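Asks: If it helps, the file is called model-v9.cif and holds mmCIF, C-alpha atoms:
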```cif
data_data
loop_
_atom_site.label_atom_id
_atom_site.label_comp_id
_atom_site.auth_asym_id
_atom_site.auth_seq_id
_atom_site.Cartn_x
_atom_site.Cartn_y
_atom_site.Cartn_z
CA MET A 16 4.18 -24.40 17.12
CA ARG A 17 3.48 -20.71 17.52
CA ARG A 18 4.63 -18.59 14.61
CA ARG A 19 6.45 -15.35 15.29
CA ILE A 20 7.44 -12.45 13.06
CA SER A 21 10.65 -10.47 12.77
CA ASN A 22 10.67 -7.03 11.13
CA LEU A 23 14.11 -6.73 9.52
CA CYS A 24 14.23 -3.19 8.19
CA LEU A 25 17.45 -2.89 6.24
CA TRP A 26 17.74 0.89 6.05
CA THR A 27 20.10 1.43 3.12
CA MET A 28 20.29 5.22 2.99
CA ALA A 29 21.48 7.20 -0.04
CA LEU A 30 22.79 10.78 0.11
CA ALA A 31 22.61 13.71 -2.28
CA LEU A 32 19.26 12.84 -3.85
CA THR A 33 16.36 15.15 -4.55
CA LEU A 34 12.78 14.55 -3.43
CA THR A 35 12.05 12.98 -6.81
CA PRO A 36 12.53 9.20 -6.73
CA VAL A 37 15.47 7.90 -8.72
CA HIS A 38 14.93 4.67 -10.63
CA GLY A 39 18.58 3.66 -10.24
CA ILE A 40 18.26 3.53 -6.45
CA PRO A 41 15.00 1.66 -5.81
CA CYS A 42 13.34 0.46 -2.64
CA SER A 43 11.82 -2.95 -2.09
CA ALA A 44 10.03 -4.90 0.61
CA PHE A 45 9.34 -8.61 0.90
CA TYR A 46 7.77 -11.30 3.07
CA GLY A 47 9.02 -14.85 3.52
CA GLU A 48 8.52 -17.87 5.73
CA ASN A 49 11.13 -20.13 7.29
CA GLY A 50 9.66 -22.94 9.31
CA SER A 51 7.79 -21.42 12.24
CA GLU A 52 9.05 -17.90 11.54
CA SER A 53 7.73 -15.19 9.24
CA VAL A 54 10.21 -12.55 8.09
CA MET A 55 9.64 -9.12 6.57
CA GLY A 56 12.51 -7.16 5.06
CA LYS A 57 12.90 -3.75 3.43
CA SER A 58 15.55 -1.69 1.68
CA TYR A 59 15.04 2.05 1.96
CA ASP A 60 16.96 4.42 -0.32
CA TRP A 61 16.29 8.10 0.27
CA HIS A 62 17.96 11.48 0.07
CA PHE A 63 18.78 11.75 3.80
CA SER A 64 19.50 9.21 6.48
CA HIS A 65 18.59 10.67 9.87
CA GLY A 66 15.54 9.48 11.76
CA TYR A 67 14.18 8.28 15.08
CA MET A 68 13.04 4.99 16.57
CA ILE A 69 9.87 5.90 18.47
CA VAL A 70 7.89 3.91 21.03
CA ASN A 71 4.17 4.60 20.63
CA LYS A 72 2.00 3.80 23.67
CA ARG A 73 -1.42 2.19 23.81
CA GLY A 74 -4.42 4.04 25.25
CA VAL A 75 -3.60 7.41 23.63
CA GLU A 76 -6.37 9.56 22.11
CA LYS A 77 -5.42 10.71 18.61
CA LYS A 78 -6.78 12.65 15.65
CA SER A 79 -5.70 12.91 12.03
CA PHE A 80 -3.65 15.85 10.78
CA THR A 81 -5.82 17.45 8.10
CA ILE A 82 -4.85 20.38 5.87
CA TYR A 83 -7.49 20.46 3.12
CA PRO A 84 -11.08 21.78 3.50
CA LYS A 85 -12.44 18.53 2.00
CA ASP A 86 -10.80 16.40 4.71
CA LYS A 87 -12.95 14.91 7.45
CA GLN A 88 -10.93 14.44 10.62
CA LEU A 89 -10.50 10.94 12.03
CA ARG A 90 -10.31 10.32 15.78
CA TRP A 91 -9.22 7.09 17.46
CA GLN A 92 -7.55 5.62 20.54
CA SER A 93 -4.46 3.45 20.20
CA GLN A 94 -5.21 -0.14 21.18
CA TYR A 95 -1.68 -1.46 20.61
CA GLY A 96 1.77 -0.18 21.42
CA SER A 97 4.28 -0.05 18.59
CA VAL A 98 7.84 0.78 17.60
CA THR A 99 8.27 2.89 14.46
CA PHE A 100 10.97 4.50 12.33
CA ASN A 101 10.17 8.20 11.77
CA GLN A 102 11.90 10.91 9.75
CA TYR A 103 9.16 13.56 9.61
CA GLY A 104 8.01 13.70 13.21
CA HIS A 105 6.04 11.78 15.80
CA GLU A 106 2.91 10.03 14.45
CA PHE A 107 4.26 10.06 10.87
CA PRO A 108 6.23 6.80 10.55
CA LEU A 109 7.83 5.19 7.52
CA GLY A 110 7.29 1.74 8.95
CA GLY A 111 6.88 -0.11 12.19
CA LEU A 112 5.80 -3.13 14.20
CA ASN A 113 3.11 -3.28 16.87
CA GLU A 114 2.93 -5.48 19.95
CA SER A 115 0.44 -7.84 18.29
CA GLY A 116 2.95 -8.64 15.52
CA LEU A 117 1.55 -6.49 12.71
CA ALA A 118 4.33 -4.95 10.60
CA ILE A 119 3.82 -2.22 7.97
CA GLU A 120 6.28 -0.70 5.50
CA VAL A 121 5.84 2.07 2.90
CA LEU A 122 7.42 2.46 -0.56
CA TRP A 123 7.13 5.11 -3.24
CA LEU A 124 4.67 4.45 -6.08
CA SER A 125 4.44 7.24 -8.66
CA SER A 126 1.30 5.80 -10.27
CA SER A 127 -0.75 6.29 -7.08
CA GLN A 128 -4.04 8.13 -7.51
CA TYR A 129 -5.93 8.78 -4.30
CA PRO A 130 -9.72 8.95 -3.84
CA ASP A 131 -11.37 12.36 -3.91
CA GLY A 132 -12.87 13.82 -0.76
CA GLY A 133 -16.05 12.18 0.42
CA ALA A 134 -17.83 10.85 3.46
CA LEU A 135 -14.88 8.79 4.72
CA PRO A 136 -12.58 10.35 7.35
CA SER A 137 -9.05 10.96 6.13
CA VAL A 138 -5.44 10.60 7.26
CA ASN A 139 -2.29 11.54 5.40
CA GLU A 140 -0.07 8.95 3.77
CA LEU A 141 2.25 8.45 6.78
CA GLN A 142 -0.26 8.79 9.60
CA TRP A 143 -2.14 6.01 7.77
CA ILE A 144 0.62 3.66 8.96
CA GLN A 145 0.36 4.79 12.58
CA TYR A 146 -3.43 4.49 12.55
CA HIS A 147 -3.25 0.84 11.52
CA LEU A 148 -0.47 -0.01 13.96
CA ASP A 149 -2.64 1.55 16.67
CA THR A 150 -5.91 -0.16 15.76
CA ALA A 151 -5.23 -3.48 14.00
CA GLY A 152 -3.94 -6.66 15.59
CA ASN A 153 -3.41 -8.49 12.30
CA VAL A 154 -3.68 -8.21 8.52
CA ARG A 155 -7.37 -9.15 8.44
CA GLU A 156 -8.30 -6.36 10.85
CA MET A 157 -6.13 -3.93 8.91
CA ILE A 158 -7.94 -4.75 5.66
CA GLU A 159 -11.29 -4.11 7.33
CA ASN A 160 -10.11 -0.83 8.90
CA ALA A 161 -8.53 0.42 5.67
CA GLN A 162 -11.89 0.42 3.92
CA ARG A 163 -13.35 2.80 6.52
CA ILE A 164 -10.89 5.63 5.86
CA ARG A 165 -9.16 7.31 2.93
CA ILE A 166 -5.72 8.80 2.33
CA SER A 167 -5.44 12.54 1.79
CA PRO A 168 -1.80 12.86 0.69
CA VAL A 169 0.44 15.73 1.71
CA ILE A 170 3.50 15.10 -0.46
CA ALA A 171 4.12 11.44 -1.30
CA GLU A 172 2.73 8.88 -3.72
CA VAL A 173 3.12 5.56 -1.95
CA HIS A 174 1.90 2.03 -1.40
CA TYR A 175 2.27 -0.34 1.54
CA LEU A 176 3.22 -3.89 2.46
CA ALA A 177 1.86 -5.30 5.71
CA CYS A 178 2.18 -8.70 7.35
CA ASP A 179 1.61 -10.61 10.52
CA ALA A 180 2.75 -14.11 11.48
CA TYR A 181 0.19 -15.72 9.19
CA GLY A 182 -0.62 -13.37 6.32
CA ILE A 183 0.47 -10.54 4.07
CA ALA A 184 -1.26 -7.71 2.20
CA GLN A 185 -0.45 -4.93 -0.25
CA PHE A 186 -2.40 -1.65 -0.17
CA LEU A 187 -2.31 0.77 -3.09
CA ASN A 188 -4.49 3.46 -4.62
CA ILE A 189 -5.08 3.06 -8.35
CA ASN A 190 -7.51 5.14 -10.43
CA LYS A 191 -8.66 6.85 -7.22
CA GLU A 192 -9.69 3.57 -5.60
CA LEU A 193 -8.17 1.57 -2.76
CA VAL A 194 -6.87 -1.74 -4.10
CA ILE A 195 -5.89 -4.53 -1.70
CA HIS A 196 -4.08 -7.77 -2.54
CA SER A 197 -3.57 -10.30 0.23
CA THR A 198 -3.32 -13.93 1.24
CA THR A 199 -6.68 -13.64 3.03
CA PRO A 200 -10.14 -14.17 1.46
CA LEU A 201 -10.97 -10.51 2.14
CA SER A 202 -9.34 -9.14 -1.02
CA GLN A 203 -7.85 -9.90 -4.40
CA PRO A 204 -5.07 -12.56 -4.36
CA MET A 205 -1.42 -11.48 -4.29
CA ASP A 206 0.71 -11.91 -7.42
CA ALA A 207 3.95 -11.80 -5.43
CA ARG A 208 4.89 -11.50 -1.76
CA SER A 209 6.95 -8.38 -2.36
CA ILE A 210 6.65 -4.82 -3.65
CA THR A 211 8.99 -2.33 -5.34
CA ASN A 212 8.50 1.20 -6.68
CA ASN A 213 6.26 -0.17 -9.44
CA THR A 214 3.13 -2.29 -9.50
CA PHE A 215 3.42 -6.00 -10.24
CA THR A 216 1.84 -5.48 -13.68
CA THR A 217 4.41 -2.80 -14.55
CA ASN A 218 7.26 -5.10 -13.55
CA LEU A 219 6.16 -7.86 -15.95
#
```
Could you write out this file's structure as structure tokens?
Replies:
Amino acid sequence: MRRRISNLCLWTMALALTLTPVHGIPCSAFYGENGSESVMGKSYDWHFSHGYMIVNKRGVEKKSFTIYPKDKQLRWQSQYGSVTFNQYGHEFPLGGLNESGLAIEVLWLSSSQYPDGGALPSVNELQWIQYHLDTAGNVREMIENAQRIRISPVIAEVHYLACDAYGIAQFLNINKELVIHSTTPLSQPMDARSITNNTFTTNL
């Protein structure tokens, strides 16, 4: 039986918050399986609630939005169409699902430390999501693509949960290195099929 995925983004918005994350109103994302279905869910608590659902087309030439002299611009063409939830403009989503069934969600992670500038081309922390929705058909391809670029953050310290109908992966930047946990043989194993605003080790 063919497995399919549903991206259930439960956008629980909070008002009157500052840009600093509040521990009393955390976000979380999870992945689960029920028979032939794979389900991804997310709670999203933030200081404002407005946003847009955007349809992103395949076959579009794109380039990364760079603001620092050390950044090397990345150029690509979207191979997959996607639907995303955006609050900061087109191409800067907070999560989405592409037509191949790859879903990606972002959560705050204050302990994030991003790699310094180098030979790898860079994207910011939200355009990173759009790049992978555009270029990866599944988690395995996303893991391979993620190691060819780096994040040059503009404002947020974040990590990501991604899944398709058969696998799941977490992407985070610790001690200035990309760390990937997944259910595939391409990375370290996953401790739990969910993420919050802390690492798994911190939550123990």
Asks: Could you state the separation of atom CA of A:Leu135 and atom CA of A:Lys87 in Å, given to one decimal place?
Replies: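 Computing the Euclidean distance for atom CA of A:Leu135 and atom CA of A:Lys87 yields 7.0 Å.
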Asks: So what does the PyMOL selection byres ((chain A and resi 154) around 8) actually pick up in this one, as JSON, numbers by chain?
Replies: {"A": [117, 151, 152, 153, 155, 156, 157, 158, 177, 178, 179, 182, 183, 184]}
Asks: In Å, rounded to a single decimal, give me how far atom CA of A:Leu148 is from atom CA of A:Ser93.
Replies: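 Computing the Euclidean distance for atom CA of A:Ser93 and atom CA of A:Leu148 yields 8.2 Å.
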Asks: Go ahead and compute the interatomic distance for atom CA of A:Lys77 and atom CA of A:Ile195, in Å to one decimal.
Replies: 25.4 Å
Asks: Is it possible to get the residues within 10 Å of (4.8, 9.7, -10.5) (coordinates as in the file, counting all atoms listed in the file) written as a ChimeraX atom specification?
Replies: /A:35-36,123-128,171-173
Asks: Name every residue that the PyMOL selection byres ((chain A and resi 71) around 6) selects in this structure, writing the answer as a PyMOL selection string with chains first and numbers rising.
Replies: chain A and resi 70+72+96-97
Asks: For this structure, which residues satisfy the selection - the PyMOL selection byres ((chain A and resi 89) around 10) - when it is evaluated on the file as given? I want them as a short mmCIF file (atom, residue, chain, number, x, y, z; two decimals) with C-alpha atoms, in the frame of the given file.
Replies:
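What ended up in selection_17.cif:
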```cif
data_model
loop_
_atom_site.label_atom_id
_atom_site.label_comp_id
_atom_site.auth_asym_id
_atom_site.auth_seq_id
_atom_site.Cartn_x
_atom_site.Cartn_y
_atom_site.Cartn_z
CA LYS A 77 -5.42 10.71 18.61
CA LYS A 78 -6.78 12.65 15.65
CA SER A 79 -5.70 12.91 12.03
CA PHE A 80 -3.65 15.85 10.78
CA THR A 81 -5.82 17.45 8.10
CA ASP A 86 -10.80 16.40 4.71
CA LYS A 87 -12.95 14.91 7.45
CA GLN A 88 -10.93 14.44 10.62
CA ARG A 90 -10.31 10.32 15.78
CA TRP A 91 -9.22 7.09 17.46
CA LEU A 135 -14.88 8.79 4.72
CA PRO A 136 -12.58 10.35 7.35
CA SER A 137 -9.05 10.96 6.13
CA VAL A 138 -5.44 10.60 7.26
CA TYR A 146 -3.43 4.49 12.55
CA ILE A 164 -10.89 5.63 5.86
CA ARG A 165 -9.16 7.31 2.93
#
```
Asks: Find, counting all atoms listed in the file, the residue in A:Ser115, A:Asn49, A:Asn101, A:Asn213 that gets nearest to A:Leu187.
Replies: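 Under the stated criterion, the closest residue is A:Asn213.
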Asks: Ranking A:Leu122, A:Thr99, A:Ser202, A:Gln142 by minimum distance to A:Thr214 and counting all atoms listed in the file, which one comes first?
Replies: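 Of A:Leu122, A:Thr99, A:Ser202, A:Gln142, the one nearest A:Thr214 is A:Leu122, counting all atoms listed in the file.
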Asks: Extract, using only C-alpha atoms, all DNA, RNA and protein residues at most 9 Å from A:Ala44, discarding same-chain residues fewer than 3 positions from it, and format them as a PDB file with C-alpha atoms, in the frame of the given file.
Replies:
```
ATOM      1  CA  CYS A  24      14.230  -3.190   8.190  1.00  0.00           C
ATOM      2  CA  MET A  55       9.640  -9.120   6.570  1.00  0.00           C
ATOM      3  CA  GLY A  56      12.510  -7.160   5.060  1.00  0.00           C
ATOM      4  CA  LYS A  57      12.900  -3.750   3.430  1.00  0.00           C
ATOM      5  CA  SER A  58      15.550  -1.690   1.680  1.00  0.00           C
ATOM      6  CA  TYR A  59      15.040   2.050   1.960  1.00  0.00           C
ATOM      7  CA  GLU A 120       6.280  -0.700   5.500  1.00  0.00           C
ATOM      8  CA  VAL A 121       5.840   2.070   2.900  1.00  0.00           C
ATOM      9  CA  LEU A 122       7.420   2.460  -0.560  1.00  0.00           C
ATOM     10  CA  LEU A 176       3.220  -3.890   2.460  1.00  0.00           C
ATOM     11  CA  ARG A 208       4.890 -11.500  -1.760  1.00  0.00           C
ATOM     12  CA  SER A 209       6.950  -8.380  -2.360  1.00  0.00           C
ATOM     13  CA  ILE A 210       6.650  -4.820  -3.650  1.00  0.00           C
ATOM     14  CA  THR A 211       8.990  -2.330  -5.340  1.00  0.00           C
TER      15      THR A 211
END
```
Asks: Nearest to A:Leu141: which of A:Glu106, A:Glu48, A:Glu114, A:Glu159 is it, counting only C-alpha atoms?
Replies: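 Under the stated criterion, the closest residue is A:Glu106.
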Asks: Rank nothing, just name the residue among A:Tyr46, A:Tyr129, A:Tyr83, A:Tyr175 nearest to A:His147, using all atoms listed in the file.
Replies: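 The answer is A:Tyr175, which sits nearest to A:His147.
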Asks: Using the partial input, fill out stretch 56-70 of chain A with N, CA and C atoms; write the result as a compact mmCIF listing (two decimals), in the frame of the given file.
Replies:
```
# COMPACT_ATOMS: atom_id res chain seq x y z
N GLY A 56 11.31 -7.95 5.26
CA GLY A 56 12.51 -7.16 5.06
C GLY A 56 12.25 -5.99 4.15
N LYS A 57 13.07 -4.95 4.26
CA LYS A 57 12.90 -3.75 3.43
C LYS A 57 14.24 -3.08 3.19
N SER A 58 14.44 -2.61 1.97
CA SER A 58 15.55 -1.69 1.68
C SER A 58 14.95 -0.32 1.47
N TYR A 59 15.60 0.69 1.98
CA TYR A 59 15.04 2.05 1.96
C TYR A 59 16.12 3.02 1.48
N ASP A 60 15.99 3.50 0.26
CA ASP A 60 16.96 4.42 -0.32
C ASP A 60 16.31 5.79 -0.43
N TRP A 61 16.90 6.77 0.23
CA TRP A 61 16.29 8.10 0.27
C TRP A 61 17.38 9.15 0.30
N HIS A 62 16.98 10.43 0.24
CA HIS A 62 17.96 11.48 0.07
C HIS A 62 18.56 11.97 1.37
N PHE A 63 18.09 11.49 2.54
CA PHE A 63 18.78 11.75 3.80
C PHE A 63 18.57 10.56 4.72
N SER A 64 19.45 10.45 5.71
CA SER A 64 19.50 9.21 6.48
C SER A 64 19.05 9.35 7.93
N HIS A 65 18.91 10.55 8.45
CA HIS A 65 18.59 10.67 9.87
C HIS A 65 17.14 10.29 10.15
N GLY A 66 16.89 9.87 11.37
CA GLY A 66 15.54 9.48 11.76
C GLY A 66 15.53 9.06 13.22
N TYR A 67 14.36 8.65 13.69
CA TYR A 67 14.18 8.28 15.08
C TYR A 67 13.44 6.95 15.18
N MET A 68 13.83 6.16 16.17
CA MET A 68 13.04 4.99 16.57
C MET A 68 12.14 5.46 17.71
N ILE A 69 10.82 5.35 17.52
CA ILE A 69 9.87 5.90 18.47
C ILE A 69 9.00 4.78 19.05
N VAL A 70 8.81 4.82 20.35
CA VAL A 70 7.89 3.91 21.03
C VAL A 70 6.55 4.62 21.16
```
